[in-house]
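Shown next: query19.pdb, containing PDB, C-alpha atoms.
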```
ATOM      1  CA  MET A  13      23.305 128.096  77.885
ATOM      2  CA  ALA A  14      26.504 127.345  76.009
ATOM      3  CA  LYS A  15      29.648 126.449  77.875
ATOM      4  CA  ASP A  16      33.225 126.740  76.582
ATOM      5  CA  VAL A  17      35.119 123.528  77.110
ATOM      6  CA  PRO A  18      38.945 123.712  77.147
ATOM      7  CA  LEU A  19      41.091 121.329  75.172
ATOM      8  CA  ALA A  20      43.092 118.658  76.922
ATOM      9  CA  LYS A  21      46.719 119.494  77.604
ATOM     10  CA  SER A  22      48.688 117.270  75.285
ATOM     11  CA  GLY A  23      51.608 117.189  72.882
ATOM     12  CA  TRP A  24      49.543 117.773  69.751
ATOM     13  CA  LYS A  25      47.870 120.884  68.400
ATOM     14  CA  ALA A  26      44.221 120.793  67.405
ATOM     15  CA  ALA A  27      43.555 121.792  63.827
ATOM     16  CA  ARG A  28      40.266 123.328  64.804
ATOM     17  CA  SER A  29      39.331 125.902  67.376
ATOM     18  CA  PRO A  30      37.890 124.706  70.695
ATOM     19  CA  VAL A  31      34.297 123.662  70.285
ATOM     20  CA  VAL A  32      31.498 125.369  72.116
ATOM     21  CA  LEU A  33      29.509 122.654  73.806
ATOM     22  CA  GLN A  34      25.783 123.140  74.063
ATOM     23  CA  SER A  35      24.680 121.995  77.496
ATOM     24  CA  MET A  36      21.191 121.261  76.206
ATOM     25  CA  SER A  37      20.979 119.411  72.915
ATOM     26  CA  THR A  38      17.597 120.755  71.803
ATOM     27  CA  ALA A  39      15.216 123.571  72.565
ATOM     28  CA  ALA A  40      12.709 120.942  73.623
ATOM     29  CA  GLU A  41      15.104 119.815  76.318
ATOM     30  CA  ALA A  42      15.503 123.352  77.574
ATOM     31  CA  SER A  43      11.757 123.700  77.944
ATOM     32  CA  ASN A  44      11.567 120.662  80.210
ATOM     33  CA  VAL A  45      14.295 121.432  82.720
ATOM     34  CA  GLY A  46      11.928 121.001  85.612
ATOM     35  CA  SER A  47      10.975 117.506  84.565
ATOM     36  CA  ARG A  48      12.170 114.471  86.483
ATOM     37  CA  TRP A  49      12.561 112.490  83.274
ATOM     38  CA  CYS A  50      15.628 112.838  81.096
ATOM     39  CA  GLY A  51      17.854 110.843  78.783
ATOM     40  CA  ARG A  52      17.159 108.579  75.844
ATOM     41  CA  GLU A  53      13.521 108.153  74.962
ATOM     42  CA  ASP A  54      14.139 104.585  73.807
ATOM     43  CA  SER A  55      15.647 103.274  77.023
ATOM     44  CA  ASN A  56      13.680 100.771  79.076
ATOM     45  CA  PHE A  57      13.439 100.042  82.760
ATOM     46  CA  HIS A  58      10.932  99.230  85.522
ATOM     47  CA  GLY A  59       9.775  96.182  83.590
ATOM     48  CA  VAL A  60       8.210  98.183  80.749
ATOM     49  CA  ALA A  61       8.135  96.098  77.570
ATOM     50  CA  PRO A  62      10.384  97.603  74.865
ATOM     51  CA  THR A  63       8.641  99.132  71.891
ATOM     52  CA  SER A  64       9.316  97.983  68.341
ATOM     53  CA  THR A  65      11.513 101.060  67.832
ATOM     54  CA  SER A  66      13.663 100.527  70.904
ATOM     55  CA  SER A  67      17.385 100.431  70.257
ATOM     56  CA  LEU A  68      18.816 100.929  73.731
ATOM     57  CA  ARG A  69      17.491  98.807  76.562
ATOM     58  CA  VAL A  70      18.545  99.326  80.148
ATOM     59  CA  TYR A  71      17.374  96.438  82.275
ATOM     60  CA  HIS A  72      17.624  95.685  85.942
ATOM     61  CA  SER A  73      16.330  92.875  88.089
ATOM     62  CA  ALA A  74      12.625  92.507  88.781
ATOM     63  CA  THR A  75      13.181  93.297  92.438
ATOM     64  CA  THR A  76      14.197  96.824  91.486
ATOM     65  CA  ALA A  77      10.753  97.599  90.153
ATOM     66  CA  ARG A  78       9.195  97.112  93.559
ATOM     67  CA  SER A  79       8.548 100.333  95.377
ATOM     68  CA  ARG A  80       9.317  98.838  98.800
ATOM     69  CA  ARG A  81      12.550 100.192 100.236
ATOM     70  CA  PRO A  82      14.977  97.382 101.149
ATOM     71  CA  ASP A  83      16.172  99.099 104.312
ATOM     72  CA  ILE A  84      12.681  99.205 105.854
ATOM     73  CA  ALA A  85      11.389  96.007 107.444
ATOM     74  CA  ASP A  86       8.120  94.669 106.087
ATOM     75  CA  ALA A  87       5.671  93.423 108.695
ATOM     76  CA  ARG A  88       4.699  90.591 106.365
ATOM     77  CA  GLN A  89       8.228  89.166 106.382
ATOM     78  CA  PRO A  90       9.290  86.516 108.889
ATOM     79  CA  PHE A  91      10.952  87.891 111.986
ATOM     80  CA  ASN A  92      14.382  86.513 111.146
ATOM     81  CA  ARG A  93      14.212  88.098 107.699
ATOM     82  CA  ARG A  94      13.325  91.468 109.218
ATOM     83  CA  LEU A  95      16.242  91.106 111.599
ATOM     84  CA  ARG A  96      18.652  90.535 108.707
ATOM     85  CA  VAL A  97      17.267  93.593 106.915
ATOM     86  CA  ALA A  98      17.640  95.683 110.051
ATOM     87  CA  ARG A  99      21.264  94.605 110.386
ATOM     88  CA  ARG A 100      22.109  95.398 106.780
ATOM     89  CA  ARG A 101      24.966  97.797 106.601
ATOM     90  CA  ILE A 102      23.969 101.222 105.280
ATOM     91  CA  PRO A 103      26.837 103.362 103.900
ATOM     92  CA  TRP A 104      27.447 106.487 105.960
ATOM     93  CA  TYR A 105      27.130 108.773 102.956
ATOM     94  CA  ARG A 106      23.469 107.831 102.451
ATOM     95  CA  HIS A 107      22.732 109.650 105.713
ATOM     96  CA  ASP A 108      24.704 112.716 104.632
ATOM     97  CA  PRO A 109      24.015 113.450 100.960
ATOM     98  CA  MET A 110      26.109 116.638 101.081
ATOM     99  CA  SER A 111      29.230 114.592 101.914
ATOM    100  CA  GLN A 112      29.005 111.963  99.207
ATOM    101  CA  PRO A 113      32.444 110.702  98.183
ATOM    102  CA  GLU A 114      33.619 110.453  94.615
ATOM    103  CA  PRO A 115      34.001 106.948  93.234
ATOM    104  CA  GLU A 116      37.343 105.233  93.155
ATOM    105  CA  TRP A 117      39.177 105.233  89.819
ATOM    106  CA  HIS A 118      41.194 102.175  88.779
ATOM    107  CA  ILE A 119      43.231 101.801  85.592
ATOM    108  CA  ALA A 120      43.994  98.216  84.622
ATOM    109  CA  GLU A 121      47.350  97.442  83.033
ATOM    110  CA  GLY A 122      47.525  95.342  79.875
ATOM    111  CA  LEU A 123      44.490  93.552  78.435
ATOM    112  CA  THR A 124      41.779  92.275  80.791
ATOM    113  CA  PRO A 125      40.023  89.015  79.773
ATOM    114  CA  TYR A 126      36.299  89.598  79.446
ATOM    115  CA  PRO A 127      35.181  86.798  81.836
ATOM    116  CA  ASP A 128      37.519  88.189  84.497
ATOM    117  CA  ALA A 129      35.994  91.649  84.079
ATOM    118  CA  ILE A 130      32.453  90.288  84.434
ATOM    119  CA  ALA A 131      33.359  88.327  87.570
ATOM    120  CA  PHE A 132      35.040  91.359  89.096
ATOM    121  CA  MET A 133      32.078  93.623  88.356
ATOM    122  CA  GLN A 134      29.608  91.140  89.838
ATOM    123  CA  ASP A 135      31.581  90.975  93.074
ATOM    124  CA  ARG A 136      32.072  94.723  93.254
ATOM    125  CA  VAL A 137      28.399  95.474  92.542
ATOM    126  CA  ALA A 138      27.376  93.138  95.376
ATOM    127  CA  ALA A 139      29.849  94.847  97.715
ATOM    128  CA  ILE A 140      28.614  98.329  96.751
ATOM    129  CA  ARG A 141      25.025  97.255  97.334
ATOM    130  CA  ALA A 142      25.965  95.902 100.776
ATOM    131  CA  GLY A 143      27.859  99.078 101.673
ATOM    132  CA  ALA A 144      31.118  97.142 101.924
ATOM    133  CA  ALA A 145      32.954  98.882  99.053
ATOM    134  CA  PRO A 146      32.970 102.325  97.446
ATOM    135  CA  GLU A 147      31.711 103.063  93.963
ATOM    136  CA  LEU A 148      34.147 102.513  91.132
ATOM    137  CA  VAL A 149      35.016 103.733  87.653
ATOM    138  CA  TRP A 150      37.239 101.050  86.118
ATOM    139  CA  LEU A 151      39.265 101.930  83.017
ATOM    140  CA  LEU A 152      40.640  99.030  80.966
ATOM    141  CA  GLN A 153      41.219  97.451  77.576
ATOM    142  CA  HIS A 154      40.122  94.016  76.404
ATOM    143  CA  PRO A 155      41.715  91.636  73.929
ATOM    144  CA  PRO A 156      39.794  91.493  70.612
ATOM    145  CA  LEU A 157      36.291  90.094  71.192
ATOM    146  CA  TYR A 158      32.607  90.595  70.431
ATOM    147  CA  THR A 159      29.888  90.964  73.061
ATOM    148  CA  ALA A 160      26.149  90.520  72.637
ATOM    149  CA  GLY A 161      23.745  92.755  74.515
ATOM    150  CA  THR A 162      20.176  91.877  75.403
ATOM    151  CA  SER A 163      18.926  93.004  71.964
ATOM    152  CA  ALA A 164      21.614  91.284  69.855
ATOM    153  CA  ARG A 165      20.423  89.327  66.815
ATOM    154  CA  PRO A 166      22.409  86.218  65.809
ATOM    155  CA  GLU A 167      22.452  87.128  62.133
ATOM    156  CA  GLN A 168      24.288  90.358  62.917
ATOM    157  CA  LEU A 169      27.342  88.377  64.013
ATOM    158  CA  THR A 170      28.642  88.099  60.465
ATOM    159  CA  ASP A 171      31.965  86.353  61.224
ATOM    160  CA  PRO A 172      31.498  84.087  64.278
ATOM    161  CA  SER A 173      34.952  82.522  63.999
ATOM    162  CA  ARG A 174      36.941  85.744  63.925
ATOM    163  CA  PHE A 175      37.070  86.566  67.654
ATOM    164  CA  PRO A 176      35.652  85.071  70.862
ATOM    165  CA  THR A 177      32.048  86.059  71.562
ATOM    166  CA  PHE A 178      30.390  86.612  74.923
ATOM    167  CA  THR A 179      26.876  87.261  76.190
ATOM    168  CA  ALA A 180      27.194  90.500  78.131
ATOM    169  CA  GLY A 181      23.821  90.895  79.860
ATOM    170  CA  ARG A 182      23.908  94.665  79.285
ATOM    171  CA  GLY A 183      21.592  96.715  77.129
ATOM    172  CA  GLY A 184      22.330  97.084  73.430
ATOM    173  CA  GLN A 185      23.313  94.787  70.571
ATOM    174  CA  TRP A 186      26.664  93.576  69.176
ATOM    175  CA  THR A 187      29.781  95.498  70.210
ATOM    176  CA  TYR A 188      33.484  95.073  69.575
ATOM    177  CA  HIS A 189      36.119  95.499  72.280
ATOM    178  CA  GLY A 190      39.845  95.412  71.686
ATOM    179  CA  PRO A 191      43.236  97.100  72.124
ATOM    180  CA  GLY A 192      43.176 100.830  71.497
ATOM    181  CA  GLN A 193      39.640 101.196  72.826
ATOM    182  CA  ARG A 194      39.131 102.701  76.273
ATOM    183  CA  VAL A 195      36.425 100.840  78.150
ATOM    184  CA  ALA A 196      35.058 102.451  81.307
ATOM    185  CA  TYR A 197      32.936 100.262  83.562
ATOM    186  CA  VAL A 198      30.859 102.467  85.842
ATOM    187  CA  MET A 199      29.669 100.961  89.121
ATOM    188  CA  LEU A 200      27.519 103.471  90.993
ATOM    189  CA  ASP A 201      24.822 103.311  93.649
ATOM    190  CA  LEU A 202      21.988 104.929  91.723
ATOM    191  CA  SER A 203      19.789 105.139  94.799
ATOM    192  CA  ARG A 204      21.620 108.369  95.596
ATOM    193  CA  PRO A 205      22.240 111.451  93.448
ATOM    194  CA  HIS A 206      25.406 111.928  91.420
ATOM    195  CA  GLY A 207      25.934 115.548  90.486
ATOM    196  CA  ALA A 208      23.230 116.510  88.010
ATOM    197  CA  VAL A 209      21.822 112.951  87.926
ATOM    198  CA  PRO A 210      18.974 112.498  90.428
ATOM    199  CA  PRO A 211      18.562 109.264  92.398
ATOM    200  CA  ARG A 212      16.790 106.251  90.875
ATOM    201  CA  ASP A 213      16.566 107.781  87.422
ATOM    202  CA  VAL A 214      18.066 105.321  84.945
ATOM    203  CA  ARG A 215      17.247 107.378  81.870
ATOM    204  CA  CYS A 216      18.959 110.411  83.315
ATOM    205  CA  PHE A 217      21.960 108.258  84.242
ATOM    206  CA  VAL A 218      22.310 107.062  80.640
ATOM    207  CA  HIS A 219      21.921 110.659  79.458
ATOM    208  CA  GLY A 220      24.710 111.573  81.869
ATOM    209  CA  LEU A 221      26.986 108.908  80.368
ATOM    210  CA  GLU A 222      26.344 110.390  76.940
ATOM    211  CA  GLU A 223      27.174 113.859  78.208
ATOM    212  CA  TRP A 224      30.333 112.514  79.847
ATOM    213  CA  LEU A 225      31.532 111.204  76.479
ATOM    214  CA  ILE A 226      30.547 114.397  74.649
ATOM    215  CA  ARG A 227      32.519 116.528  77.079
ATOM    216  CA  THR A 228      35.496 114.176  76.934
ATOM    217  CA  LEU A 229      35.617 114.438  73.141
ATOM    218  CA  ALA A 230      35.281 118.220  73.351
ATOM    219  CA  ARG A 231      38.630 118.326  75.118
ATOM    220  CA  PHE A 232      40.156 117.057  71.863
ATOM    221  CA  ALA A 233      38.216 119.529  69.684
ATOM    222  CA  VAL A 234      35.857 116.787  68.530
ATOM    223  CA  ARG A 235      32.146 117.506  68.501
ATOM    224  CA  GLY A 236      30.360 114.403  69.701
ATOM    225  CA  GLU A 237      26.593 114.321  69.306
ATOM    226  CA  ARG A 238      23.545 112.266  70.171
ATOM    227  CA  ARG A 239      21.307 110.932  67.432
ATOM    228  CA  GLY A 240      17.632 110.143  67.882
ATOM    229  CA  GLY A 241      16.934 106.447  67.531
ATOM    230  CA  ARG A 242      20.652 105.555  67.598
ATOM    231  CA  ILE A 243      22.652 104.635  70.651
ATOM    232  CA  GLY A 244      26.150 105.898  71.330
ATOM    233  CA  ILE A 245      27.960 109.109  70.406
ATOM    234  CA  TRP A 246      28.412 110.200  66.791
ATOM    235  CA  VAL A 247      30.709 112.565  64.900
ATOM    236  CA  GLY A 248      30.412 114.200  61.496
ATOM    237  CA  LEU A 249      33.022 113.341  58.858
ATOM    238  CA  ALA A 250      34.548 115.510  56.159
ATOM    239  CA  ASP A 251      32.536 113.831  53.385
ATOM    240  CA  GLY A 252      29.251 114.736  55.048
ATOM    241  CA  SER A 253      28.624 111.290  56.503
ATOM    242  CA  GLU A 254      28.773 110.427  60.184
ATOM    243  CA  ALA A 255      30.248 107.611  62.216
ATOM    244  CA  LYS A 256      30.046 106.233  65.705
ATOM    245  CA  ILE A 257      32.983 106.919  67.997
ATOM    246  CA  ALA A 258      31.670 105.669  71.348
ATOM    247  CA  ALA A 259      29.249 102.993  72.536
ATOM    248  CA  ILE A 260      27.097 102.807  75.662
ATOM    249  CA  GLY A 261      25.717  99.652  77.255
ATOM    250  CA  VAL A 262      24.424  99.610  80.810
ATOM    251  CA  ARG A 263      23.009  97.123  83.262
ATOM    252  CA  VAL A 264      21.449  98.075  86.606
ATOM    253  CA  SER A 265      20.977  95.470  89.334
ATOM    254  CA  ARG A 266      18.970  96.544  92.378
ATOM    255  CA  TRP A 267      19.964 100.157  91.717
ATOM    256  CA  VAL A 268      23.685  99.528  91.284
ATOM    257  CA  SER A 269      25.003 100.124  87.766
ATOM    258  CA  TRP A 270      27.636  98.143  85.913
ATOM    259  CA  HIS A 271      29.049  97.843  82.398
ATOM    260  CA  GLY A 272      29.355 101.325  80.883
ATOM    261  CA  ILE A 273      30.988 102.972  77.870
ATOM    262  CA  ALA A 274      33.612 102.267  75.195
ATOM    263  CA  LEU A 275      35.487 105.085  73.433
ATOM    264  CA  ASN A 276      37.493 104.389  70.271
ATOM    265  CA  VAL A 277      40.920 105.938  70.735
ATOM    266  CA  ALA A 278      43.089 103.993  68.274
ATOM    267  CA  PRO A 279      41.649 100.498  67.710
ATOM    268  CA  ASP A 280      41.892  98.481  64.505
ATOM    269  CA  LEU A 281      38.604  99.545  62.921
ATOM    270  CA  GLY A 282      38.777  96.584  60.569
ATOM    271  CA  HIS A 283      37.887  94.365  63.523
ATOM    272  CA  TYR A 284      34.343  95.726  63.398
ATOM    273  CA  ALA A 285      33.811  93.867  60.120
ATOM    274  CA  GLY A 286      32.725  90.722  61.955
ATOM    275  CA  ILE A 287      29.537  92.298  63.354
ATOM    276  CA  VAL A 288      26.866  94.854  62.576
ATOM    277  CA  PRO A 289      27.898  97.343  65.284
ATOM    278  CA  CYS A 290      24.914  98.074  67.501
ATOM    279  CA  GLY A 291      22.614  96.833  64.734
ATOM    280  CA  ILE A 292      23.189  99.911  62.558
ATOM    281  CA  VAL A 293      24.153  99.093  58.975
ATOM    282  CA  GLU A 294      23.947 102.508  57.306
ATOM    283  CA  HIS A 295      26.698 104.193  59.344
ATOM    284  CA  GLY A 296      30.269 103.241  60.134
ATOM    285  CA  VAL A 297      32.605 103.583  63.096
ATOM    286  CA  THR A 298      35.562 105.865  63.668
ATOM    287  CA  SER A 299      38.180 106.714  66.290
ATOM    288  CA  LEU A 300      40.251 109.642  67.479
ATOM    289  CA  ARG A 301      43.197 108.362  65.453
ATOM    290  CA  ALA A 302      41.039 108.041  62.314
ATOM    291  CA  LEU A 303      40.028 111.680  62.831
ATOM    292  CA  GLY A 304      43.688 112.683  62.806
ATOM    293  CA  ILE A 305      44.067 113.070  66.587
ATOM    294  CA  PRO A 306      47.029 111.072  67.960
ATOM    295  CA  ALA A 307      45.837 111.163  71.563
ATOM    296  CA  THR A 308      47.447 108.761  74.002
ATOM    297  CA  MET A 309      45.453 106.562  76.348
ATOM    298  CA  ALA A 310      46.797 108.558  79.285
ATOM    299  CA  GLU A 311      45.492 111.795  77.732
ATOM    300  CA  VAL A 312      42.092 110.207  77.167
ATOM    301  CA  ASP A 313      42.003 108.988  80.765
ATOM    302  CA  ALA A 314      42.767 112.498  82.006
ATOM    303  CA  ALA A 315      39.989 113.921  79.820
ATOM    304  CA  LEU A 316      37.526 111.311  81.104
ATOM    305  CA  ARG A 317      38.398 112.192  84.683
ATOM    306  CA  ALA A 318      37.978 115.923  84.096
ATOM    307  CA  ALA A 319      34.714 115.548  82.178
ATOM    308  CA  TRP A 320      33.323 113.272  84.899
ATOM    309  CA  ARG A 321      33.372 116.166  87.338
ATOM    310  CA  ASP A 322      31.280 118.278  84.944
ATOM    311  CA  VAL A 323      28.433 115.749  85.025
ATOM    312  CA  PHE A 324      28.591 113.445  88.036
ATOM    313  CA  ALA A 325      30.479 115.340  90.748
ATOM    314  CA  ALA A 326      28.743 117.303  93.482
ATOM    315  CA  GLY A 327      27.867 120.759  92.195
ATOM    316  CA  ALA A 328      27.725 119.724  88.525
ATOM    317  CA  ILE A 329      25.587 122.041  86.408
ATOM    318  CA  ALA A 330      21.992 120.962  85.933
ATOM    319  CA  GLY A 331      22.257 121.394  82.165
ATOM    320  CA  ALA A 332      24.721 118.494  81.987
ATOM    321  CA  THR A 333      21.791 116.108  82.079
ATOM    322  CA  ALA A 334      19.025 118.307  80.739
ATOM    323  CA  PRO A 335      15.785 116.375  80.443
ATOM    324  CA  ALA A 336      14.396 115.409  77.069
ATOM    325  CA  PRO A 337      10.670 115.423  76.330
ATOM    326  CA  ARG A 338       8.828 112.214  77.157
ATOM    327  CA  PRO A 339       7.806 110.486  73.923
ATOM    328  CA  THR A 340       4.326 109.371  73.008
ATOM    329  CA  LEU A 341       4.408 105.591  72.643
ATOM    330  CA  THR A 342       2.091 103.949  70.147
TER     331      THR A 342
END
```
Translate this file's structure into structure tokens.
Amino acid sequence: MAKDVPLAKSGWKAARSPVVLQSMSTAAEASNVGSRWCGREDSNFHGVAPTSTSSLRVYHSATTARSRRPDIADARQPFNRRLRVARRRIPWYRHDPMSQPEPEWHIAEGLTPYPDAIAFMQDRVAAIRAGAAPELVWLLQHPPLYTAGTSARPEQLTDPSRFPTFTAGRGGQWTYHGPGQRVAYVMLDLSRPHGAVPPRDVRCFVHGLEEWLIRTLARFAVRGERRGGRIGIWVGLADGSEAKIAAIGVRVSRWVSWHGIALNVAPDLGHYAGIVPCGIVEHGVTSLRALGIPATMAEVDAALRAAWRDVFAAGAIAGATAPAPRPTLT
């Protein structure tokens, strides 16, 4: 079912009429609404070896793949270990799924060094897992840099001396971060549901991140779309070509997510010349500014916050993360 999405309130006027956002991207998705599986067919989790066609890989630690619940003592464990498990703090909202709080939202000022962001996320993920801190959506910008995901190939870093490079540990390949790009690091306890995203469903979570970006762009009259076999969110250009406007790279550790998404608002697109973005050579990158939309970072943040509620908040419509058909792997 189609849903009209309003434009963001801002100081500029959209040249086009408000887009009509299709809540389900394909008829095949609509026919599988009852399925538990949704999201990108090329994502990977639960220790399944990636196929040769995989482009997005979502990994988490080997302990996640075990079916044993961590809050239930195992009779095979030593007594002192069982005692520590029994004393583990369990967040109150896990006992009352109808009263689940929304995550905190933080907006960092200035440019956040990448190592500082990684250290912060590691600490916050551990605290969320222990029930000592709430979930968090962290909005920030980085200084110019390149990050390598778990599938990055060295030869696709074409200018190693241009900017600092970092190993990210997230899924995906080479990505650029820099001023004018809104990065959103999403730290959620995926062992519980989030709106239309069911618990412990990594593929559906990634699909939800895609939908979040699509609905954010719709508020600026930009039609963002998924593309089979390609990660991120894409837009059509006036010359008939298409370009990537947002990237997604996720890591899940013992059912707590970190890393997240990057939306090009007004970065220097020439900085992408030092890498093959996400390993895709036949298509370029774009931004809201390159599309003729002078949106401010504050307007983008407001659109992200509003679109979040459509997908991840309690009562979000089921179509926001409509399941895609499970592929046949060969």
Here's the selection I'm unsure about, the PyMOL selection byres ((chain A and resi 272-286) around 7); applied to the file above, which residues does it give, as a PyMOL selection string?
chain A and resi 169-171+174+188+190-198+257-262+270-271+287+289+299-301
In terms of all atoms listed in the file, the residue from A:Val209, A:Met199, A:Ala319, A:Leu123 at minimal distance from A:Ala230 is A:Ala319
Counting all atoms listed in the file, which of A:His189, A:Arg227, A:Arg238, A:Arg266 gets nearest to A:Ala315?
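Counting all atoms listed in the file, the residue closest to A:Ala315 is A:Arg227.
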Could you please determine the separation between atom CA of A:Thr177 and atom CA of A:Val293 in Å, to one decimal place?
19.8 Å
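Atom CA of A:Ala144 to atom CA of A:Leu221 spans 24.9 Å [interatomic distance, one decimal].
Here atom CA of A:Leu229 and atom CA of A:Asp313 stand 11.3 Å from one another.
The set of residues that the PyMOL selection byres ((chain A and resi 200) around 7) takes from this file is Glu147, Leu148, Val198, Met199, Asp201, Leu202, Val268 and Ser269 of chain A.
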Suppose a student applies the PyMOL selection byres ((chain A and resi 207) around 7) to this structure; what residues should they get, written as a VMD selection string?
chain A and resid 205 to 206 208 to 209 323 to 328
Report as AutoDock Vina command-line options the centre and the edge lengths, in Å to one decimal, of the axis-aligned box holding every listed atom of stretch 216-223 of chain A, padded by 6 Å on each side.
```
--center_x 23.1 --center_y 110.5 --center_z 80.6 --size_x 20.2 --size_y 18.8 --size_z 19.3
```
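Distance annotation: of A:Pro172, A:Gly244, A:Gly220, A:Gly296, the residue with the minimal separation from A:Trp320 is A:Gly220; atom set is only C-alpha atoms.
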Identify which of the residues A:Arg239, A:Ile245, A:Leu303, A:Glu114 lies closest to A:Glu223, counting all atoms listed in the file when measuring atom-to-atom distances.
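Comparing A:Arg239, A:Ile245, A:Leu303, A:Glu114 against A:Glu223, the winner is A:Ile245.
Distance check against A:Val149 using all atoms listed in the file: of A:Cys216, A:Leu316, A:Ala310, A:Ile243, the minimum falls on A:Leu316.
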Atoms added to stretch 120-135 of chain A (N, CA, C and O atoms), reported as a short mmCIF file (atom, residue, chain, number, x, y, z; two decimals), in the coordinates of the input:
```cif
data_model
loop_
_atom_site.label_atom_id
_atom_site.label_comp_id
_atom_site.auth_asym_id
_atom_site.auth_seq_id
_atom_site.Cartn_x
_atom_site.Cartn_y
_atom_site.Cartn_z
N ALA A 120 43.40 99.55 84.74
CA ALA A 120 43.99 98.22 84.62
C ALA A 120 45.14 98.25 83.61
O ALA A 120 45.04 98.87 82.56
N GLU A 121 46.22 97.56 83.94
CA GLU A 121 47.35 97.44 83.03
C GLU A 121 47.11 96.29 82.06
O GLU A 121 46.49 95.29 82.40
N GLY A 122 47.63 96.41 80.85
CA GLY A 122 47.52 95.34 79.88
C GLY A 122 46.10 95.14 79.38
O GLY A 122 45.28 96.07 79.38
N LEU A 123 45.80 93.91 78.96
CA LEU A 123 44.49 93.55 78.44
C LEU A 123 43.77 92.65 79.43
O LEU A 123 44.32 91.62 79.84
N THR A 124 42.56 93.02 79.80
CA THR A 124 41.78 92.28 80.79
C THR A 124 40.85 91.29 80.09
O THR A 124 40.00 91.71 79.30
N PRO A 125 40.96 89.98 80.37
CA PRO A 125 40.02 89.02 79.77
C PRO A 125 38.59 89.36 80.16
O PRO A 125 38.31 89.76 81.29
N TYR A 126 37.68 89.20 79.20
CA TYR A 126 36.30 89.60 79.45
C TYR A 126 35.65 88.83 80.60
O TYR A 126 34.99 89.45 81.45
N PRO A 127 35.79 87.50 80.69
CA PRO A 127 35.18 86.80 81.84
C PRO A 127 35.70 87.30 83.18
O PRO A 127 34.94 87.36 84.16
N ASP A 128 36.97 87.66 83.24
CA ASP A 128 37.52 88.19 84.50
C ASP A 128 36.87 89.52 84.85
O ASP A 128 36.60 89.81 86.03
N ALA A 129 36.63 90.36 83.82
CA ALA A 129 35.99 91.65 84.08
C ALA A 129 34.58 91.47 84.59
O ALA A 129 34.15 92.17 85.52
N ILE A 130 33.82 90.53 83.99
CA ILE A 130 32.45 90.29 84.43
C ILE A 130 32.43 89.79 85.88
O ILE A 130 31.64 90.27 86.71
N ALA A 131 33.31 88.86 86.20
CA ALA A 131 33.36 88.33 87.57
C ALA A 131 33.71 89.42 88.57
O ALA A 131 33.12 89.51 89.66
N PHE A 132 34.66 90.27 88.20
CA PHE A 132 35.04 91.36 89.10
C PHE A 132 33.88 92.31 89.31
O PHE A 132 33.60 92.74 90.45
N MET A 133 33.20 92.69 88.22
CA MET A 133 32.08 93.62 88.36
C MET A 133 30.96 93.03 89.21
O MET A 133 30.37 93.74 90.04
N GLN A 134 30.66 91.77 89.03
CA GLN A 134 29.61 91.14 89.84
C GLN A 134 29.94 91.21 91.32
O GLN A 134 29.08 91.55 92.15
N ASP A 135 31.18 90.92 91.67
CA ASP A 135 31.58 90.98 93.07
C ASP A 135 31.55 92.40 93.59
O ASP A 135 31.10 92.66 94.73
#
```
